[in-house]
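*Asks:* Okay, here's the structure, questions in a sec.
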Amino acid sequence: MAAAETVLTAAVSDDENTPAAAGAAAPTMIPNTAQQQDSFPMLPSLIIPIQNSELFIEIFPEELAETNVATLLKVLDDEHANMETYCSASLLYMQQPQRTRESLALMEEACHRLTLPECDGMDNATRARILSAAGIAQLATSTRSKSGSTSHTSSSSSLATTGANHHSDQVRQDADQKFTHAAKLDTFCSMTWVGRGMLQLSVSRLDQAKFYWETTLQQAINCLPALLGMAAVQYGQGQYQLAQDSYAKAIQQAAASSANGAVLGLAAQASLRVGFGLASYQLGQVDRARAAFARALAMDSECVSAMVGIAVLDMGATDHALVGGDATTSTADFGRTEQAIKLMSMANLLDQTNAMVQNHLANHYFYKWSALPGTVRVERGSNVLYASQSLPGLEIGDRVRVGAHFETSITEDSSTMFEFGNSANSNSAVFRMQDMWKSESMDELDLVKKDYDRVIALAKGAYGSTSVPEMQAESLFFLARVYHVREENDTALKFYERACKLNPSLAPARFGLAQTLVVKGDYTQAKNHLHKLLATSGNATDSLLLLGLLEVKAGGKSVEGGLANISKAVELDPFNADLLLLEALALRQHRSTYLKAADKLEKAIDLMKRKGDAVPYEVYANRGVLCEGLNRHEEALEMFTLALHALDPSGRSCQFALDNLGTAPFIRQDANAMFCGYVDSTVKVRPTIVKVVANQANEDESESHEQIDEDANYVTVLKVVDPGSLEDFAALSVQVGDSVKVGDNFISTVVKVEAAEGSDVSITVKDDMKTTVDDAAALFVKRENRILNLPEATTVAFNIARLHETMGRTLAAIEIHKALLKRNPAYFPSALRLACISVDCGSLMEGAQWLKISAAIEKTPEVLTLIGNLHLSLCDWAAAQPIFDDLLAKKVPNVDAYSMLSLGTIYFSTLFVNPERYSKHLTYASDYFKSVLGKDPANAYAANGLGAVLAEKGEIYKAKEIFNRVREVSGDTIADALMNLGHILLATKKHPEALQMYQSYMKRAESIGTPVTSKSRKDDVVDVLLYIAFAFFDWARQTELSADQNAAPADERYRSAMEHLELAIAKQTKREVVLKYDLAMTKLSAANCILQRPSRGLPRTADEVQEALVWLRESLGVVTQILEEKAEKKIPISSSVLESFIGHCENNIRSAESHLENDRLRAAEEANERALRRAIAEAEMKEEQYKEALAREKELEEQAERDRRADAAMAKVSALRENWHQEQAQAEQAKEKKSKKKSGSNVDADALGLVEDDGQTGRGLFDDSSDDDSVPEAEQGGAKSQAPDLFGDSSDDDGEEKMEDSSDKQDKATSSRGIFDDSSDDESTNKNILNAGGDTSVKPPLASDLFGDSSDEESDEELITESDAAKRKNESANVGQPIKKQRVMDEGDDSSD
């Protein structure tokens, strides 16, 4: 109203630029906060001059509030007051709370008087200001009427809002007409532009409003209303810094106007500070904002906007301090919160139509607990609340808190609780709570409640006090939240939906809507709303978590997305243990993620421990269940133990007390150490070993450990050392049946406790103590704790028992289950488990008794299903059928499919009970199996049953396809599918595959441990063995059909059939007679197979015939005995069949005896023939051995001869080498002599033609040969021919002679060679000198030629031929000249060098 007040003041003033009060933006920033009241002494009085007199009427501001506007209009009209008086009166009414309509009436009258003749002389500028002021007054009146005229009831709020909106539109149209008329009178009137700006601002057209106010400020710089309008637009556009500057400038102008004597109320000035504070808060300047609000409240103690601002800031600071966890400032923070609530309450008292205040108070009272008078008493395990006095303020449906933490709701009071009607009186009250009190019984507890009725009243008031959709949505959210807590989900859903329609961005309302949809089971709509919420608030952890849980629950492809959303929520708040727990809850929905779920729970436990928070026992228990699913049994047991300790923080219930004797059945197993342990009995004992004679203990004579006879029986007697310390025999804390421990290792059970003469007390234990001790030892006795007395421990103990079952600790599990039933007879899960354990152990009757107890406790579908299964396992079809019929009639969601499956099995199993109903039962079975598959196409059990029906109908290949599909889907977990597939394969003569199926079925049935197709596990095994035996039998018969050598494997298959039949007979079942007959038939067929071997071209021995004869005689004896017993017993084999078998068997015996005699004769002949052949073979073998010995002896002689020749050759080589060394030494001496001659003579050696023979070139310095090439070639050839002869080891005599001839020739050549040659042919000399430098040396012989053992005469002949040819050539080329021959050894040595 500050803007309206400013405009009205300007309308009275002659100066358009007169400064006015601030606060035009206040209605926009905080709705309906413009209804302020200035202090009356600061406002001028209304002066009304009396016509034709100097007197006047003065109306003070405080009197104007009680003045009727109609009376005032009458006075003004009678006194012919001028326009200034009308405008002043309108301004004063505008400054009064709830008097805007009177102000508007005065301005409307002023506008009407403008049309009268008496105002014809008024200028257009004044007329324009009055019209603009009237239009602004209309806008102000419309703003206030919208908050005051709407209904406060939720049922008529929508209609009232529609009418108010229509009224506002009409008012804006009237104001727009006045502004248009004023603009025609004075186009540049600033008041008209300000009014148009306010009109655009009221319809949220910020750009148009900004245009009008900018235009106004360009013409009138100091126009305060335009400046305030600009600040409002800037704030609305998010330009908070500009808005703060504009408000600061407005405050400065308002101060300057007050200094100049302008009338400016404190309420208007306070409104400027409120606007400045709001802009500062948006800029993050919290301290500056609070200072502005405090200044506004100091200027106007009833400034509601300032109160709201201070309260909001104080509560925000308190929330921040609580999140920070600073305990030292908690008292001050709570005090600040209380002060903030007081400010809010005061603001609500001053302005009961302020929606913001009412919403804040509604939110506060939603969380506030209101104390109730007196105290209450509660008992453990009860939901009855006993109050010390009457509580009229407590009603049914109220949310209460008993003590410090237990929250619940009231469901009944004394008027409806008939069992307490007589005990209730006026001084006390009794109420029934929704939840049960699980802690210890307590009294004198405080009782507080939630005042939800006040929340509803405030929220409805706020909704009816505003037309702003955002604030109305917030009010509806508060209403929905109350109904949500009260579990009135339908009402809460309606309010949530309306709140989301009014303000789609209100995240809490949309989240609440999603929650209520989840409760109603509409998961699809809930996920849609959560997606919308996350589109605007992507980091909302609660929304991410709820969406993730819904997607995980939906399963399928959405699981990964759900887990990703949950992980994102945890990442946003990693130190929130609750988020980790919920993530673990989502992960445990699928077995493949059990490990991740266990890790998340471990992290949550560590986080809570680091924070110092107590870990709830449920967390430990859930992690234990996960560890059990991961086969981490020891870790699971540790978690369950920690859960028990978490239930008893004080540790009193977990302690083992000596006086806690407990009640039978006792818990004594070592695996249950968390429930029982050894306690010092305060008694000292001395163990004594006593020999038992004739079942009596000889107590007079005790033996030491060294004297103990190992063959005798001994017992250990524990004698109390100081029995006098016991007051009486009853004071002894040890009883018969107690488990005791002496020392550190000896543990036994007490079998007798007695007091002998002389007050001696002895305790006899069950086990023998191998060693004794001389000193007194402490006696410990096992006692239970009291942890199972806590109701919460029941579930944990049950999980421990189930863990024992998984680990094979059956006795420990039975102890816990029986202890739970003893303490809580109505706890039927333990009775069910005991029934299942009994059935698994083969004790069907005991299992039936436990099921009977479970059914007496509660006939749940689970109990009835187990009872029906028990009848099925006993093949008691008539008793099982009505049970499953009843279950099917109840239409239990998770049981109806199982019931139909069981009924189909019953009808299929009773096909042959009544042949007349065969077709009907087969049809019923097929219909039930098809019905199950129609609801669940993946049900492998139903598919297996349908396959059995098809096989019974003869559709074998379809049945085989179904059974194979069942195996693929179930992974061979359905044993019946293996059995049925084996039958199909056997029918199609695929015996190896059928045998594989039967054997797989037997392994699977043994792993399951429960009978599948028979009354007991033994009968089930016998059935499978019979199937396997028949498969081998049929396979053997099929093999015999070939009637040739391919029938050989039939014998082994008959033997396999007999082995399995013998195993089945060893089980000693009722079907033993039939099994013996089958074994006799198999032996008869096996014997015939052996007897027919010769006709099939297969060998046969007399031993085999003898074995066949034994089989036949055994079969004859068995069948004859069966035939004799048939007269006394009921045997399912006809006499004709037995007699026919006996006849065949006798014939086969005679035939076998004949075959046996013939086979024995043939065997004897064959034995003689084999002996003769063996003798011949041995003689031939000896002859061969003699020949081989002679050959080896000859070979040895030849080898010795070769070795001799080789030694001779080596000796020759050594001699030749020795000769070469001597000749070399002579050559050296000759060289020395020539050297001496040369040094003593002046004759040129070259002139004399002296040439030194170095023994390496093989020729003289002067050669008379005319053929240069012939001699070296011949010599080279000679060398080549001699090398093999010299070093060869040929055994040929001719070769040896040739070697000797060659050596002789070599010696002659060596001796005939001289140092000087007489040749004088210069030309030939030169040629020989040239040849001496050529490649004329003889190549050394190869290693193989020198030391080889070749005896090839051909190689020797070739060498001789080449040597002779060389000689002949040499002789023909050097006729008449002496031929100088080289020594072969010289060349050999050169080559070796």
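Chain labels follow the order of the structure tokens: the first chain is A, the next B, and so on; residue numbering restarts at 1 in every chain, and ligands are counted from 1 in their shown order.
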Need to verify the contact set: Gln282 in chain A, 9 Å, only C-alpha atoms, exclusion of same-chain residues closer than 3 positions in sequence. Can you return it as a VMD selection string?
*Replies:* chain A and resid 238 240 to 241 277 to 279 285 to 286 289
*Asks:* Would you list the contacts of range 866-880 of chain A as JSON, numbers by chain, taking every protein, DNA or RNA residue within 12 Å and counting only C-alpha atoms, but skipping same-chain residues closer than 6 positions in sequence?
*Replies:* {"A": [829, 831, 832, 833, 834, 835, 836, 838, 839, 840, 842, 843, 844, 845, 846, 847, 848, 849, 850, 851, 852, 853, 854, 855, 859, 860, 886, 887, 895, 898, 899, 901, 902, 903, 904, 905, 906, 907, 908, 909, 910, 911, 913, 1010, 1011, 1012, 1013, 1014, 1015, 1016, 1017, 1019, 1020]}
*Asks:* Could you tell me which of A:Ala473, A:Val194, A:Ala636, A:Ala1171 comes closest to Cys500 in chain A if we count only C-alpha atoms?
*Replies:*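 Of the candidates, the smallest distance to Cys500 in chain A is held by A:Ala473.
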*Asks:* Between A:Ile396, A:Val720, A:Ala793, A:Val1021, which has the minimum distance to Glu618 in chain A (counting only C-alpha atoms)?
*Replies:*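 Residue with the minimum atom-to-atom distance to Glu618 in chain A: A:Ala793.
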*Asks:* Which residues come within 10 Å of Glu407 in chain A, counting only C-alpha atoms, excluding same-chain residues fewer than 2 positions away, as a ChimeraX atom specification?
*Replies:* /A:399-405,409,433-435,448-449
*Asks:* Have a look at A:Gly316, A:Ala267, A:Ser345, A:Cys654 and name the one nearest to Arg295 in chain A; count only C-alpha atoms.
*Replies:* A:Ala267
*Asks:* I'd like the neighbourhood of range 545-558 of chain A as a VMD selection string, where a residue qualifies if any of its atoms comes within 12 Å (using only C-alpha atoms), though same-chain residues fewer than 3 positions away should be ignored.
*Replies:* chain A and resid 511 to 512 514 to 515 517 to 519 521 to 534 538 to 542 561 to 573 578 to 590 593
*Asks:* So how many Å separate CA of Glu815 in chain A and CA of Phe666 in chain A, to one decimal?
*Replies:*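 It comes out at 7.1 Å.
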*Asks:* With only C-alpha atoms as the basis for distance, which of A:Ser45, A:Asn222, A:Ser190, A:Gln735 is at the shortest distance from Val753 in chain A?
*Replies:*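 Of all the options, A:Gln735 lies closest to Val753 in chain A.
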*Asks:* Within 10 Å of Gln1106 in chain A, counting only C-alpha atoms, which residues show up once you throw out same-chain ones fewer than 2 positions away? Write them as a short mmCIF file (atom, residue, chain, number, x, y, z; two decimals) with C-alpha atoms, in the first residue's frame, please.
*Replies:*
data_model
loop_
_atom_site.label_atom_id
_atom_site.label_comp_id
_atom_site.auth_asym_id
_atom_site.auth_seq_id
_atom_site.Cartn_x
_atom_site.Cartn_y
_atom_site.Cartn_z
CA ALA A 1087 22.99 -118.67 -19.85
CA THR A 1101 34.96 -122.16 -22.93
CA ALA A 1102 33.95 -124.92 -20.58
CA ASP A 1103 34.25 -122.55 -17.64
CA GLU A 1104 31.73 -120.23 -19.21
CA ALA A 1108 25.90 -120.70 -17.18
CA LEU A 1109 24.92 -124.03 -15.62
CA VAL A 1110 25.34 -122.52 -12.15
CA TRP A 1111 23.11 -119.61 -13.12
CA LEU A 1112 20.45 -121.97 -14.43
CA ALA A 1152 23.96 -127.05 -20.65
CA GLU A 1153 25.14 -130.30 -19.11
CA HIS A 1155 27.31 -128.79 -23.86
CA LEU A 1156 29.54 -128.86 -20.82
CA GLU A 1157 30.59 -132.50 -21.44
CA ASP A 1159 33.17 -128.64 -24.29
CA ARG A 1160 35.29 -130.42 -21.72
#
*Asks:* Please provide as a VMD selection string all residues within 9 Å of range 1045-1052 of chain A, with the sequence filter that same-chain residues fewer than 2 positions apart are discarded (counting only C-alpha atoms).
*Replies:* chain A and resid 1032 to 1033 1035 to 1043 1054 to 1057 1086 to 1087 1089 to 1090 1093 1096 to 1098
*Asks:* Can those selected residues be exported to a file as a PDB file, in the first residue's frame so that it contains N, CA and C atoms?
*Replies:*
ATOM      1  N   PHE A1032      20.011-102.565 -19.304  1.00  0.00           N
ATOM      2  CA  PHE A1032      21.078-103.482 -19.710  1.00  0.00           C
ATOM      3  C   PHE A1032      20.493-104.769 -20.290  1.00  0.00           C
ATOM      4  N   PHE A1033      19.441-105.289 -19.678  1.00  0.00           N
ATOM      5  CA  PHE A1033      18.804-106.518 -20.146  1.00  0.00           C
ATOM      6  C   PHE A1033      18.255-106.339 -21.558  1.00  0.00           C
ATOM      7  N   TRP A1035      19.111-104.069 -23.689  1.00  0.00           N
ATOM      8  CA  TRP A1035      20.237-103.814 -24.598  1.00  0.00           C
ATOM      9  C   TRP A1035      20.894-105.142 -25.013  1.00  0.00           C
ATOM     10  N   ALA A1036      21.047-106.066 -24.071  1.00  0.00           N
ATOM     11  CA  ALA A1036      21.638-107.372 -24.384  1.00  0.00           C
ATOM     12  C   ALA A1036      20.753-108.165 -25.333  1.00  0.00           C
ATOM     13  N   ARG A1037      19.444-108.148 -25.108  1.00  0.00           N
ATOM     14  CA  ARG A1037      18.537-108.873 -25.994  1.00  0.00           C
ATOM     15  C   ARG A1037      18.573-108.296 -27.397  1.00  0.00           C
ATOM     16  N   GLN A1038      18.662-106.973 -27.488  1.00  0.00           N
ATOM     17  CA  GLN A1038      18.751-106.358 -28.815  1.00  0.00           C
ATOM     18  C   GLN A1038      20.061-106.743 -29.499  1.00  0.00           C
ATOM     19  N   THR A1039      21.121-106.857 -28.729  1.00  0.00           N
ATOM     20  CA  THR A1039      22.404-107.234 -29.307  1.00  0.00           C
ATOM     21  C   THR A1039      22.362-108.667 -29.828  1.00  0.00           C
ATOM     22  N   GLU A1040      21.635-109.563 -29.152  1.00  0.00           N
ATOM     23  CA  GLU A1040      21.557-110.955 -29.564  1.00  0.00           C
ATOM     24  C   GLU A1040      20.810-111.138 -30.873  1.00  0.00           C
ATOM     25  N   LEU A1041      20.033-110.149 -31.290  1.00  0.00           N
ATOM     26  CA  LEU A1041      19.244-110.292 -32.508  1.00  0.00           C
ATOM     27  C   LEU A1041      20.122-110.393 -33.746  1.00  0.00           C
ATOM     28  N   SER A1042      21.360-109.941 -33.662  1.00  0.00           N
ATOM     29  CA  SER A1042      22.235-110.010 -34.842  1.00  0.00           C
ATOM     30  C   SER A1042      22.620-111.449 -35.166  1.00  0.00           C
ATOM     31  N   ALA A1043      22.665-112.364 -34.164  1.00  0.00           N
ATOM     32  CA  ALA A1043      22.933-113.792 -34.364  1.00  0.00           C
ATOM     33  C   ALA A1043      24.252-114.028 -35.075  1.00  0.00           C
ATOM     34  N   TYR A1054      24.374-108.556 -19.890  1.00  0.00           N
ATOM     35  CA  TYR A1054      23.602-109.380 -18.964  1.00  0.00           C
ATOM     36  C   TYR A1054      24.227-109.350 -17.572  1.00  0.00           C
ATOM     37  N   ARG A1055      25.546-109.420 -17.533  1.00  0.00           N
ATOM     38  CA  ARG A1055      26.232-109.392 -16.245  1.00  0.00           C
ATOM     39  C   ARG A1055      25.967-108.060 -15.515  1.00  0.00           C
ATOM     40  N   SER A1056      25.985-106.924 -16.245  1.00  0.00           N
ATOM     41  CA  SER A1056      25.686-105.624 -15.626  1.00  0.00           C
ATOM     42  C   SER A1056      24.268-105.587 -15.089  1.00  0.00           C
ATOM     43  N   ALA A1057      23.339-106.171 -15.832  1.00  0.00           N
ATOM     44  CA  ALA A1057      21.953-106.219 -15.356  1.00  0.00           C
ATOM     45  C   ALA A1057      21.862-107.016 -14.066  1.00  0.00           C
ATOM     46  N   ALA A1086      21.089-114.912 -19.838  1.00  0.00           N
ATOM     47  CA  ALA A1086      22.547-114.883 -19.956  1.00  0.00           C
ATOM     48  C   ALA A1086      23.105-116.269 -20.228  1.00  0.00           C
ATOM     49  N   ALA A1087      22.527-117.300 -19.600  1.00  0.00           N
ATOM     50  CA  ALA A1087      22.990-118.667 -19.852  1.00  0.00           C
ATOM     51  C   ALA A1087      22.696-119.081 -21.285  1.00  0.00           C
ATOM     52  N   CYS A1089      22.518-117.138 -23.804  1.00  0.00           N
ATOM     53  CA  CYS A1089      23.449-116.402 -24.660  1.00  0.00           C
ATOM     54  C   CYS A1089      24.794-117.122 -24.737  1.00  0.00           C
ATOM     55  N   ILE A1090      25.234-117.668 -23.600  1.00  0.00           N
ATOM     56  CA  ILE A1090      26.511-118.395 -23.594  1.00  0.00           C
ATOM     57  C   ILE A1090      26.400-119.693 -24.385  1.00  0.00           C
ATOM     58  N   ARG A1093      26.663-119.363 -28.297  1.00  0.00           N
ATOM     59  CA  ARG A1093      27.834-118.721 -28.883  1.00  0.00           C
ATOM     60  C   ARG A1093      28.396-119.471 -30.098  1.00  0.00           C
ATOM     61  N   ARG A1096      26.837-118.657 -33.332  1.00  0.00           N
ATOM     62  CA  ARG A1096      27.056-117.283 -33.796  1.00  0.00           C
ATOM     63  C   ARG A1096      28.509-117.035 -34.199  1.00  0.00           C
ATOM     64  N   GLY A1097      29.313-118.129 -34.194  1.00  0.00           N
ATOM     65  CA  GLY A1097      30.700-117.973 -34.587  1.00  0.00           C
ATOM     66  C   GLY A1097      31.564-117.354 -33.524  1.00  0.00           C
ATOM     67  N   LEU A1098      31.164-117.475 -32.264  1.00  0.00           N
ATOM     68  CA  LEU A1098      31.905-116.896 -31.159  1.00  0.00           C
ATOM     69  C   LEU A1098      32.519-118.013 -30.331  1.00  0.00           C
TER      70      LEU A1098
END
*Asks:* If I take CA of Leu297 in chain A and CA of Ala255 in chain A, how far is one from the other in Å, to one decimal?
*Replies:*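 Answer for the CA of Leu297 in chain A to CA of Ala255 in chain A separation: 17.1 Å.
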